[in-house]
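What follows is the content of final_7.pdb (PDB, C-alpha atoms).
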MODEL        1
ATOM      1  CA  MET D   1     -95.166 -41.184  73.932
ATOM      2  CA  LYS D   2     -97.979 -40.257  71.569
ATOM      3  CA  GLN D   3     -97.375 -40.933  67.884
ATOM      4  CA  ASN D   4     -98.143 -38.341  65.251
ATOM      5  CA  ASN D   5    -100.391 -39.353  62.354
ATOM      6  CA  THR D   6     -97.544 -39.758  59.864
ATOM      7  CA  SER D   7     -95.654 -42.189  62.088
ATOM      8  CA  ARG D   8     -98.865 -44.144  62.845
ATOM      9  CA  TYR D   9     -99.554 -44.641  59.142
ATOM     10  CA  ALA D  10     -95.906 -45.457  58.414
ATOM     11  CA  TYR D  11     -95.910 -48.064  61.215
ATOM     12  CA  LEU D  12     -99.192 -49.527  59.943
ATOM     13  CA  ALA D  13     -97.738 -49.693  56.419
ATOM     14  CA  GLY D  14     -94.818 -51.728  57.775
ATOM     15  CA  ILE D  15     -97.185 -54.135  59.502
ATOM     16  CA  VAL D  16     -99.328 -54.431  56.356
ATOM     17  CA  ASP D  17     -96.244 -55.009  54.178
ATOM     18  CA  GLY D  18     -95.014 -57.779  56.459
ATOM     19  CA  GLU D  19     -98.128 -59.374  57.902
ATOM     20  CA  GLY D  20    -101.118 -57.895  56.093
ATOM     21  CA  CYS D  21    -103.554 -59.533  53.739
ATOM     22  CA  LEU D  22    -105.659 -57.497  51.320
ATOM     23  CA  ARG D  23    -108.355 -59.630  49.741
ATOM     24  CA  ILE D  24    -111.799 -59.548  48.227
ATOM     25  CA  ASP D  25    -114.517 -61.544  49.971
ATOM     26  CA  ILE D  26    -117.345 -62.813  47.787
ATOM     27  CA  GLY D  27    -120.830 -63.334  49.257
ATOM     28  CA  ASN D  28    -123.316 -65.690  47.539
ATOM     29  CA  GLU D  29    -120.335 -67.198  45.714
ATOM     30  CA  VAL D  30    -121.938 -70.625  45.251
ATOM     31  CA  THR D  31    -125.161 -69.480  43.606
ATOM     32  CA  ARG D  32    -123.611 -66.426  41.893
ATOM     33  CA  LYS D  33    -127.064 -64.867  42.168
ATOM     34  CA  ASN D  34    -126.637 -61.232  43.210
ATOM     35  CA  PRO D  35    -123.107 -61.760  44.579
ATOM     36  CA  THR D  36    -121.604 -59.218  46.943
ATOM     37  CA  TYR D  37    -117.960 -58.193  46.878
ATOM     38  CA  ARG D  38    -116.105 -56.628  49.773
ATOM     39  CA  LEU D  39    -112.478 -55.622  50.191
ATOM     40  CA  ARG D  40    -110.873 -56.719  53.472
ATOM     41  CA  LEU D  41    -107.610 -55.699  55.084
ATOM     42  CA  GLN D  42    -106.623 -58.289  57.669
ATOM     43  CA  ILE D  43    -103.633 -58.738  59.939
ATOM     44  CA  ALA D  44    -102.948 -61.840  62.007
ATOM     45  CA  GLN D  45    -100.542 -61.693  64.941
ATOM     46  CA  LYS D  46     -99.587 -63.835  67.891
ATOM     47  CA  ASN D  47     -98.953 -60.617  69.799
ATOM     48  CA  GLY D  48    -102.256 -59.254  71.093
ATOM     49  CA  LYS D  49    -100.672 -55.861  71.874
ATOM     50  CA  ILE D  50    -100.254 -55.108  68.170
ATOM     51  CA  ILE D  51    -103.861 -56.096  67.500
ATOM     52  CA  ASP D  52    -104.980 -53.815  70.360
ATOM     53  CA  TRP D  53    -102.911 -50.969  68.874
ATOM     54  CA  LEU D  54    -104.513 -51.503  65.445
ATOM     55  CA  TYR D  55    -108.025 -51.585  66.886
ATOM     56  CA  GLY D  56    -107.399 -48.572  69.132
ATOM     57  CA  ASN D  57    -105.987 -46.461  66.297
ATOM     58  CA  PHE D  58    -108.028 -47.561  63.281
ATOM     59  CA  GLY D  59    -111.182 -49.306  64.548
ATOM     60  CA  GLY D  60    -112.313 -52.349  62.621
ATOM     61  CA  SER D  61    -112.957 -55.783  64.110
ATOM     62  CA  VAL D  62    -110.910 -58.076  66.309
ATOM     63  CA  TYR D  63    -111.412 -61.816  66.231
ATOM     64  CA  LYS D  64    -110.916 -64.166  69.140
ATOM     65  CA  PRO D  65    -107.894 -66.354  68.875
ATOM     66  CA  SER D  66    -108.405 -69.932  67.817
ATOM     67  CA  PRO D  67    -105.759 -72.409  68.925
ATOM     68  CA  LYS D  68    -103.592 -73.950  66.214
ATOM     69  CA  ARG D  69    -101.495 -77.029  66.722
ATOM     70  CA  THR D  70     -98.161 -76.873  64.945
ATOM     71  CA  LYS D  71     -95.344 -79.401  64.755
ATOM     72  CA  CYS D  72     -91.987 -77.753  65.446
ATOM     73  CA  ILE D  73     -88.402 -78.980  65.366
ATOM     74  CA  ARG D  74     -85.878 -78.024  68.036
ATOM     75  CA  PRO D  75     -82.234 -77.376  67.051
ATOM     76  CA  ASN D  76     -81.335 -80.870  68.328
ATOM     77  CA  GLY D  77     -83.850 -82.423  65.880
ATOM     78  CA  GLU D  78     -86.484 -83.239  68.489
ATOM     79  CA  ILE D  79     -90.057 -82.794  67.207
ATOM     80  CA  TYR D  80     -92.612 -81.258  69.529
ATOM     81  CA  GLU D  81     -96.121 -79.898  69.233
ATOM     82  CA  SER D  82     -96.850 -76.250  69.923
ATOM     83  CA  VAL D  83    -100.185 -74.537  70.390
ATOM     84  CA  CYS D  84    -100.347 -70.944  69.254
ATOM     85  CA  PHE D  85    -103.069 -68.353  68.966
ATOM     86  CA  ASP D  86    -103.468 -65.955  66.079
ATOM     87  CA  TYR D  87    -105.316 -62.747  66.872
ATOM     88  CA  ARG D  88    -106.924 -61.159  63.830
ATOM     89  CA  TRP D  89    -107.692 -57.524  63.133
ATOM     90  CA  SER D  90    -109.850 -56.737  60.131
ATOM     91  CA  LEU D  91    -111.177 -53.636  58.376
ATOM     92  CA  THR D  92    -113.861 -53.886  55.673
ATOM     93  CA  LYS D  93    -116.035 -50.751  55.675
ATOM     94  CA  ARG D  94    -115.252 -48.827  52.496
ATOM     95  CA  GLU D  95    -115.646 -45.436  54.177
ATOM     96  CA  ASN D  96    -112.885 -46.388  56.664
ATOM     97  CA  LEU D  97    -110.760 -48.560  54.411
ATOM     98  CA  LEU D  98    -110.350 -46.155  51.475
ATOM     99  CA  PRO D  99    -108.798 -43.245  53.434
ATOM    100  CA  LEU D 100    -106.614 -45.666  55.385
ATOM    101  CA  LEU D 101    -105.248 -47.330  52.242
ATOM    102  CA  LYS D 102    -104.560 -43.920  50.679
ATOM    103  CA  LYS D 103    -102.605 -42.825  53.770
ATOM    104  CA  ILE D 104    -100.418 -45.944  54.013
ATOM    105  CA  LEU D 105     -99.797 -46.240  50.258
ATOM    106  CA  PRO D 106     -96.745 -43.907  50.176
ATOM    107  CA  PHE D 107     -95.038 -45.977  52.916
ATOM    108  CA  CYS D 108     -95.729 -49.455  51.491
ATOM    109  CA  ILE D 109     -93.185 -51.369  49.461
ATOM    110  CA  GLU D 110     -94.223 -55.030  49.267
ATOM    111  CA  LYS D 111     -97.987 -54.530  49.027
ATOM    112  CA  LYS D 112     -97.998 -51.247  47.073
ATOM    113  CA  LYS D 113     -99.530 -52.739  43.901
ATOM    114  CA  GLN D 114    -102.129 -54.661  45.927
ATOM    115  CA  ILE D 115    -103.140 -51.483  47.739
ATOM    116  CA  GLU D 116    -103.370 -49.546  44.466
ATOM    117  CA  GLU D 117    -105.595 -52.316  43.079
ATOM    118  CA  GLY D 118    -107.694 -52.275  46.269
ATOM    119  CA  ILE D 119    -108.195 -48.509  46.027
ATOM    120  CA  SER D 120    -109.235 -48.872  42.382
ATOM    121  CA  PHE D 121    -111.694 -51.632  43.369
ATOM    122  CA  ILE D 122    -113.282 -49.434  46.052
ATOM    123  CA  TYR D 123    -113.710 -46.619  43.503
ATOM    124  CA  TYR D 124    -115.384 -49.081  41.119
ATOM    125  CA  LEU D 125    -117.774 -50.291  43.854
ATOM    126  CA  GLU D 126    -118.664 -46.699  44.800
ATOM    127  CA  LYS D 127    -119.300 -45.789  41.169
ATOM    128  CA  TYR D 128    -121.445 -48.910  40.714
ATOM    129  CA  LYS D 129    -123.393 -48.211  43.922
ATOM    130  CA  LYS D 130    -124.208 -44.656  42.750
ATOM    131  CA  GLY D 131    -125.893 -46.095  39.646
ATOM    132  CA  MET D 132    -128.279 -48.306  41.627
ATOM    133  CA  LYS D 133    -132.020 -47.723  41.876
ATOM    134  CA  LYS D 134    -134.710 -49.526  43.816
ATOM    135  CA  VAL D 135    -137.361 -51.344  41.825
ATOM    136  CA  GLY D 136    -139.884 -52.987  44.111
ATOM    137  CA  ASN D 137    -137.909 -54.915  46.719
ATOM    138  CA  ASN D 138    -134.800 -55.200  44.532
ATOM    139  CA  PHE D 139    -131.942 -52.900  43.608
ATOM    140  CA  ILE D 140    -130.901 -52.817  39.987
ATOM    141  CA  HIS D 141    -128.311 -50.796  38.158
ATOM    142  CA  LYS D 142    -129.507 -48.093  35.773
ATOM    143  CA  GLU D 143    -126.850 -48.726  33.120
ATOM    144  CA  GLU D 144    -124.653 -51.717  33.914
ATOM    145  CA  ASN D 145    -125.953 -55.294  33.949
ATOM    146  CA  ILE D 146    -125.137 -57.771  36.708
ATOM    147  CA  GLU D 147    -122.997 -59.949  34.413
ATOM    148  CA  ASN D 148    -120.653 -57.045  33.682
ATOM    149  CA  TYR D 149    -120.496 -56.195  37.403
ATOM    150  CA  ILE D 150    -119.541 -59.801  38.231
ATOM    151  CA  GLN D 151    -116.958 -59.862  35.449
ATOM    152  CA  VAL D 152    -115.278 -56.643  36.630
ATOM    153  CA  CYS D 153    -115.299 -57.677  40.303
ATOM    154  CA  ASP D 154    -113.925 -61.121  39.441
ATOM    155  CA  LYS D 155    -111.118 -59.450  37.481
ATOM    156  CA  TYR D 156    -110.167 -57.442  40.590
ATOM    157  CA  TYR D 157    -110.426 -60.613  42.716
ATOM    158  CA  TRP D 158    -108.057 -62.605  40.474
ATOM    159  CA  THR D 159    -105.666 -59.680  40.007
ATOM    160  CA  LEU D 160    -105.277 -59.314  43.793
ATOM    161  CA  ARG D 161    -104.706 -63.058  44.140
ATOM    162  CA  ALA D 162    -102.078 -63.038  41.398
ATOM    163  CA  LEU D 163    -100.240 -60.101  43.002
ATOM    164  CA  LYS D 164     -99.827 -62.137  46.204
ATOM    165  CA  LYS D 165     -97.889 -64.812  44.341
ATOM    166  CA  ILE D 166     -95.253 -62.562  42.813
ATOM    167  CA  HIS D 167     -91.776 -63.274  44.171
ATOM    168  CA  ILE D 168     -89.278 -60.426  43.997
ATOM    169  CA  PRO D 169     -85.724 -61.489  44.831
ATOM    170  CA  SER D 170     -83.567 -59.331  47.056
ATOM    171  CA  ALA D 171     -80.994 -57.313  45.130
ATOM    172  CA  ALA D 172     -79.044 -56.809  48.373
ATOM    173  CA  VAL D 173     -78.755 -60.561  48.939
ATOM    174  CA  GLU D 174     -77.722 -61.125  45.325
ATOM    175  CA  THR D 175     -75.103 -58.362  45.605
ATOM    176  CA  LYS D 176     -73.836 -59.671  48.952
ATOM    177  CA  LEU D 177     -73.597 -63.210  47.574
ATOM    178  CA  ALA D 178     -71.761 -61.943  44.524
ATOM    179  CA  ALA D 179     -69.379 -59.896  46.709
ATOM    180  CA  SER D 180     -68.667 -62.814  49.049
ATOM    181  CA  SER D 181     -68.038 -65.089  46.039
ATOM    182  CA  LYS D 182     -65.483 -62.586  44.719
ATOM    183  CA  GLU D 183     -63.779 -62.456  48.133
ATOM    184  CA  GLU D 184     -63.529 -66.247  48.219
ATOM    185  CA  MET D 185     -61.926 -66.234  44.780
ATOM    186  CA  LEU D 186     -59.166 -63.826  45.920
TER     187      LEU D 186
ENDMDL
END
Would you mind giving the structure from this file in C-alpha coordinates?
Amino acid sequence: MKQNNTSRYAYLAGIVDGEGCLRIDIGNEVTRKNPTYRLRLQIAQKNGKIIDWLYGNFGGSVYKPSPKRTKCIRPNGEIYESVCFDYRWSLTKRENLLPLLKKILPFCIEKKKQIEEGISFIYYLEKYKKGMKKVGNNFIHKEENIENYIQVCDKYYWTLRALKKIHIPSAAVETKLAASSKEEML
(Lines of atoms letter the chains of each structure in order from A and count residues from 1; the text may use other names and numbers.)
(Lines give C-alpha, C1' and ligand atoms only; values in the text may rest on other atoms or scores of the structure.)
Protein backbone atom coordinates (compact mmCIF):
# COMPACT_ATOMS: atom_id res chain seq x y z
CA MET A 1 0.00 0.00 0.00
CA LYS A 2 1.50 3.31 -1.07
CA GLN A 3 1.43 6.10 1.50
CA ASN A 4 0.29 9.59 0.59
CA ASN A 5 2.61 12.49 1.39
CA THR A 6 0.68 13.61 4.47
CA SER A 7 0.86 10.18 6.10
CA ARG A 8 4.58 9.85 5.23
CA TYR A 9 5.37 13.14 6.96
CA ALA A 10 3.12 12.31 9.92
CA TYR A 11 4.86 8.92 10.31
CA LEU A 12 8.29 10.57 10.05
CA ALA A 13 7.24 13.13 12.68
CA GLY A 14 6.37 10.28 15.04
CA ILE A 15 9.76 8.67 14.48
CA VAL A 16 11.53 12.01 14.98
CA ASP A 17 9.54 12.72 18.16
CA GLY A 18 10.44 9.33 19.61
CA GLU A 19 13.86 8.50 18.23
CA GLY A 20 15.14 11.58 16.42
CA CYS A 21 18.02 13.84 17.27
CA LEU A 22 18.26 17.37 15.88
CA ARG A 23 21.68 18.86 16.55
CA ILE A 24 24.22 21.33 15.28
CA ASP A 25 27.60 19.96 14.24
CA ILE A 26 30.54 22.33 14.54
CA GLY A 27 33.55 21.98 12.21
CA ASN A 28 36.95 23.45 13.21
CA GLU A 29 35.64 23.55 16.79
CA VAL A 30 39.08 23.24 18.40
CA THR A 31 40.76 26.14 16.60
CA ARG A 32 37.57 28.23 16.26
CA LYS A 33 39.18 29.66 13.13
CA ASN A 34 36.51 29.91 10.43
CA PRO A 35 34.19 27.38 12.12
CA THR A 36 31.43 25.73 10.13
CA TYR A 37 27.99 24.98 11.54
CA ARG A 38 25.61 22.40 10.14
CA LEU A 39 22.20 21.23 11.32
CA ARG A 40 21.75 17.44 11.38
CA LEU A 41 18.63 15.34 11.76
CA GLN A 42 19.60 11.83 12.81
CA ILE A 43 17.65 8.72 13.71
CA ALA A 44 19.18 5.57 15.18
CA GLN A 45 17.30 2.28 15.03
CA LYS A 46 18.01 -1.38 15.58
CA ASN A 47 15.46 -2.11 12.87
CA GLY A 48 17.10 -1.69 9.46
CA LYS A 49 13.70 -1.67 7.71
CA ILE A 50 12.84 1.71 9.23
CA ILE A 51 16.21 3.11 8.17
CA ASP A 52 15.62 1.78 4.63
CA TRP A 53 12.18 3.43 4.61
CA LEU A 54 13.69 6.76 5.72
CA TYR A 55 16.43 6.60 3.09
CA GLY A 56 14.03 5.51 0.35
CA ASN A 57 11.54 8.30 1.09
CA PHE A 58 13.76 11.20 2.13
CA GLY A 59 17.31 10.49 0.91
CA GLY A 60 20.12 11.45 3.23
CA SER A 61 22.87 9.13 4.45
CA VAL A 62 22.84 5.72 6.09
CA TYR A 63 25.65 4.61 8.35
CA LYS A 64 26.84 1.06 8.80
CA PRO A 65 25.97 -0.46 12.10
CA SER A 66 28.67 -0.65 14.72
CA PRO A 67 28.29 -3.36 17.34
CA LYS A 68 27.61 -2.23 20.90
CA ARG A 69 28.03 -4.46 23.91
CA THR A 70 25.37 -3.92 26.54
CA LYS A 71 24.87 -5.57 29.92
CA CYS A 72 21.26 -6.67 30.38
CA ILE A 73 19.34 -8.19 33.27
CA ARG A 74 16.84 -11.00 32.77
CA PRO A 75 13.63 -11.09 34.87
CA ASN A 76 15.24 -13.75 37.10
CA GLY A 77 18.13 -11.34 37.90
CA GLU A 78 20.70 -13.07 35.70
CA ILE A 79 23.10 -10.64 34.00
CA TYR A 80 24.07 -11.30 30.41
CA GLU A 81 25.85 -9.42 27.66
CA SER A 82 24.04 -8.48 24.47
CA VAL A 83 25.46 -7.20 21.21
CA CYS A 84 23.23 -4.87 19.26
CA PHE A 85 23.61 -2.81 16.12
CA ASP A 86 22.31 0.70 15.68
CA TYR A 87 21.64 1.75 12.11
CA ARG A 88 21.78 5.50 11.60
CA TRP A 89 19.99 7.66 9.07
CA SER A 90 21.07 11.27 8.76
CA LEU A 91 20.04 14.35 6.78
CA THR A 92 22.20 17.49 6.73
CA LYS A 93 21.81 19.31 3.40
CA ARG A 94 19.92 22.53 4.09
CA GLU A 95 18.04 22.40 0.78
CA ASN A 96 16.60 18.99 1.78
CA LEU A 97 16.36 19.50 5.53
CA LEU A 98 14.45 22.80 5.56
CA PRO A 99 11.40 21.63 3.54
CA LEU A 100 11.35 18.34 5.46
CA LEU A 101 11.35 20.06 8.86
CA LYS A 102 8.59 22.43 7.72
CA LYS A 103 6.43 19.48 6.60
CA ILE A 104 6.80 17.45 9.81
CA LEU A 105 6.47 20.43 12.17
CA PRO A 106 2.64 20.35 12.37
CA PHE A 107 2.73 16.66 13.40
CA CYS A 108 5.49 16.89 16.03
CA ILE A 109 4.78 17.16 19.72
CA GLU A 110 7.95 16.36 21.68
CA LYS A 111 10.48 17.96 19.34
CA LYS A 112 8.32 20.85 18.07
CA LYS A 113 10.41 23.59 19.73
CA GLN A 114 13.66 21.97 18.58
CA ILE A 115 12.39 21.84 15.00
CA GLU A 116 11.26 25.48 15.15
CA GLU A 117 14.73 26.42 16.42
CA GLY A 118 16.34 24.32 13.67
CA ILE A 119 14.27 26.04 10.98
CA SER A 120 15.24 29.44 12.39
CA PHE A 121 18.92 28.38 12.37
CA ILE A 122 18.73 27.33 8.71
CA TYR A 123 17.19 30.71 7.81
CA TYR A 124 20.03 32.46 9.66
CA LEU A 125 22.67 30.40 7.80
CA GLU A 126 21.02 31.14 4.44
CA LYS A 127 20.86 34.85 5.22
CA TYR A 128 24.51 34.83 6.32
CA LYS A 129 25.58 32.89 3.20
CA LYS A 130 23.87 35.46 0.92
CA GLY A 131 26.04 38.21 2.43
CA MET A 132 29.32 36.45 1.61
CA LYS A 133 31.78 37.65 -1.02
CA LYS A 134 35.03 36.17 -2.26
CA VAL A 135 38.20 38.12 -1.58
CA GLY A 136 41.21 36.34 -3.01
CA ASN A 137 41.00 32.73 -1.86
CA ASN A 138 38.80 33.54 1.14
CA PHE A 139 35.12 34.25 1.66
CA ILE A 140 34.22 37.12 3.94
CA HIS A 141 30.92 38.61 4.93
CA LYS A 142 30.03 42.05 3.59
CA GLU A 143 28.39 43.29 6.79
CA GLU A 144 28.68 40.82 9.66
CA ASN A 145 31.99 39.93 11.30
CA ILE A 146 33.02 36.36 12.09
CA GLU A 147 32.78 36.90 15.87
CA ASN A 148 29.11 37.82 15.60
CA TYR A 149 28.49 34.82 13.33
CA ILE A 150 30.12 32.49 15.88
CA GLN A 151 28.16 34.08 18.72
CA VAL A 152 24.80 33.65 16.95
CA CYS A 153 25.54 30.07 15.86
CA ASP A 154 26.73 29.15 19.36
CA LYS A 155 23.48 30.56 20.77
CA TYR A 156 21.50 28.25 18.47
CA TYR A 157 23.79 25.33 19.42
CA TRP A 158 23.26 25.82 23.17
CA THR A 159 19.53 26.50 22.79
CA LEU A 160 19.05 23.19 20.94
CA ARG A 161 21.06 21.36 23.60
CA ALA A 162 19.01 22.93 26.40
CA LEU A 163 15.73 21.98 24.70
CA LYS A 164 16.78 18.31 24.75
CA LYS A 165 17.03 18.36 28.54
CA ILE A 166 13.54 19.65 29.25
CA HIS A 167 11.38 17.09 31.04
CA ILE A 168 7.63 17.45 30.63
CA PRO A 169 5.63 15.19 32.95
CA SER A 170 2.62 13.32 31.65
CA ALA A 171 -0.67 14.90 32.68
CA ALA A 172 -2.43 11.61 31.89
CA VAL A 173 -0.20 9.68 34.29
CA GLU A 174 -0.67 12.31 36.99
CA THR A 175 -4.45 12.21 36.49
CA LYS A 176 -4.52 8.40 36.47
CA LEU A 177 -2.41 8.26 39.64
CA ALA A 178 -4.68 10.79 41.29
CA ALA A 179 -7.79 8.84 40.22
CA SER A 180 -6.39 5.52 41.45
CA SER A 181 -5.43 7.14 44.78
CA LYS A 182 -9.02 8.37 45.18
CA GLU A 183 -10.35 4.87 44.41
CA GLU A 184 -8.07 3.36 47.05
CA MET A 185 -9.35 5.86 49.60
CA LEU A 186 -12.99 4.83 49.00
Selected residue of minimal separation from Trp53 of chain D among D:Ala172, D:Ile15, D:Ile166, D:Cys84, counting all atoms listed in the file | D:Ile15
Surrounding residues of segment 94-108 of chain D excluding itself and chain neighbours under 4 positions, 10 Å, only C-alpha atoms, as a PyMOL selection string = chain D and resi 5-18+38-41+58-60+112-116+118-123+125-126
Take the residues from that selection and write them out as a PDB file, keeping the file's coordinate frame, keeping C-alpha atoms.
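Result file follows (again-v5.pdb):
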ATOM      1  CA  ASN D   5    -100.391 -39.353  62.354  1.00  0.00           C
ATOM      2  CA  THR D   6     -97.544 -39.758  59.864  1.00  0.00           C
ATOM      3  CA  SER D   7     -95.654 -42.189  62.088  1.00  0.00           C
ATOM      4  CA  ARG D   8     -98.865 -44.144  62.845  1.00  0.00           C
ATOM      5  CA  TYR D   9     -99.554 -44.641  59.142  1.00  0.00           C
ATOM      6  CA  ALA D  10     -95.906 -45.457  58.414  1.00  0.00           C
ATOM      7  CA  TYR D  11     -95.910 -48.064  61.215  1.00  0.00           C
ATOM      8  CA  LEU D  12     -99.192 -49.527  59.943  1.00  0.00           C
ATOM      9  CA  ALA D  13     -97.738 -49.693  56.419  1.00  0.00           C
ATOM     10  CA  GLY D  14     -94.818 -51.728  57.775  1.00  0.00           C
ATOM     11  CA  ILE D  15     -97.185 -54.135  59.502  1.00  0.00           C
ATOM     12  CA  VAL D  16     -99.328 -54.431  56.356  1.00  0.00           C
ATOM     13  CA  ASP D  17     -96.244 -55.009  54.178  1.00  0.00           C
ATOM     14  CA  GLY D  18     -95.014 -57.779  56.459  1.00  0.00           C
ATOM     15  CA  ARG D  38    -116.105 -56.628  49.773  1.00  0.00           C
ATOM     16  CA  LEU D  39    -112.478 -55.622  50.191  1.00  0.00           C
ATOM     17  CA  ARG D  40    -110.873 -56.719  53.472  1.00  0.00           C
ATOM     18  CA  LEU D  41    -107.610 -55.699  55.084  1.00  0.00           C
ATOM     19  CA  PHE D  58    -108.028 -47.561  63.281  1.00  0.00           C
ATOM     20  CA  GLY D  59    -111.182 -49.306  64.548  1.00  0.00           C
ATOM     21  CA  GLY D  60    -112.313 -52.349  62.621  1.00  0.00           C
ATOM     22  CA  LYS D 112     -97.998 -51.247  47.073  1.00  0.00           C
ATOM     23  CA  LYS D 113     -99.530 -52.739  43.901  1.00  0.00           C
ATOM     24  CA  GLN D 114    -102.129 -54.661  45.927  1.00  0.00           C
ATOM     25  CA  ILE D 115    -103.140 -51.483  47.739  1.00  0.00           C
ATOM     26  CA  GLU D 116    -103.370 -49.546  44.466  1.00  0.00           C
ATOM     27  CA  GLY D 118    -107.694 -52.275  46.269  1.00  0.00           C
ATOM     28  CA  ILE D 119    -108.195 -48.509  46.027  1.00  0.00           C
ATOM     29  CA  SER D 120    -109.235 -48.872  42.382  1.00  0.00           C
ATOM     30  CA  PHE D 121    -111.694 -51.632  43.369  1.00  0.00           C
ATOM     31  CA  ILE D 122    -113.282 -49.434  46.052  1.00  0.00           C
ATOM     32  CA  TYR D 123    -113.710 -46.619  43.503  1.00  0.00           C
ATOM     33  CA  LEU D 125    -117.774 -50.291  43.854  1.00  0.00           C
ATOM     34  CA  GLU D 126    -118.664 -46.699  44.800  1.00  0.00           C
TER      35      GLU D 126
END
For the provided coordinates, the residues matched by the PyMOL selection byres ((chain D and resi 147-159) around 8) should be stated as a PDB file with C-alpha atoms, in the coordinates of the input.
ATOM      1  CA  ARG D  23    -108.355 -59.630  49.741  1.00  0.00           C
ATOM      2  CA  ILE D  24    -111.799 -59.548  48.227  1.00  0.00           C
ATOM      3  CA  PRO D  35    -123.107 -61.760  44.579  1.00  0.00           C
ATOM      4  CA  TYR D  37    -117.960 -58.193  46.878  1.00  0.00           C
ATOM      5  CA  GLU D 117    -105.595 -52.316  43.079  1.00  0.00           C
ATOM      6  CA  PHE D 121    -111.694 -51.632  43.369  1.00  0.00           C
ATOM      7  CA  GLU D 144    -124.653 -51.717  33.914  1.00  0.00           C
ATOM      8  CA  ASN D 145    -125.953 -55.294  33.949  1.00  0.00           C
ATOM      9  CA  ILE D 146    -125.137 -57.771  36.708  1.00  0.00           C
ATOM     10  CA  LEU D 160    -105.277 -59.314  43.793  1.00  0.00           C
ATOM     11  CA  ARG D 161    -104.706 -63.058  44.140  1.00  0.00           C
ATOM     12  CA  ALA D 162    -102.078 -63.038  41.398  1.00  0.00           C
ATOM     13  CA  LEU D 163    -100.240 -60.101  43.002  1.00  0.00           C
TER      14      LEU D 163
END
Resolved residues for the PyMOL selection byres ((chain D and resi 88) around 12) as a PyMOL selection string = chain D and resi 19-21+40-52+54-55+60-66+85-87+89-91
Neighbour residues at most 12 Å from (-97.7, -74.4, 75.1) (all atoms listed in the file) as a PyMOL selection string | chain D and resi 67-72+80-85
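Counting from atom CA of Tyr128 of chain D, the distance to atom CA of Leu22 of chain D is 20.9 Å.
Atom CA of Asn28 of chain D to atom CA of Gly131 of chain D spans 21.3 Å [interatomic distance, one decimal].
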Taken to one decimal, the atom CA of Lys165 of chain D-atom CA of Lys111 of chain D distance is 11.3 Å
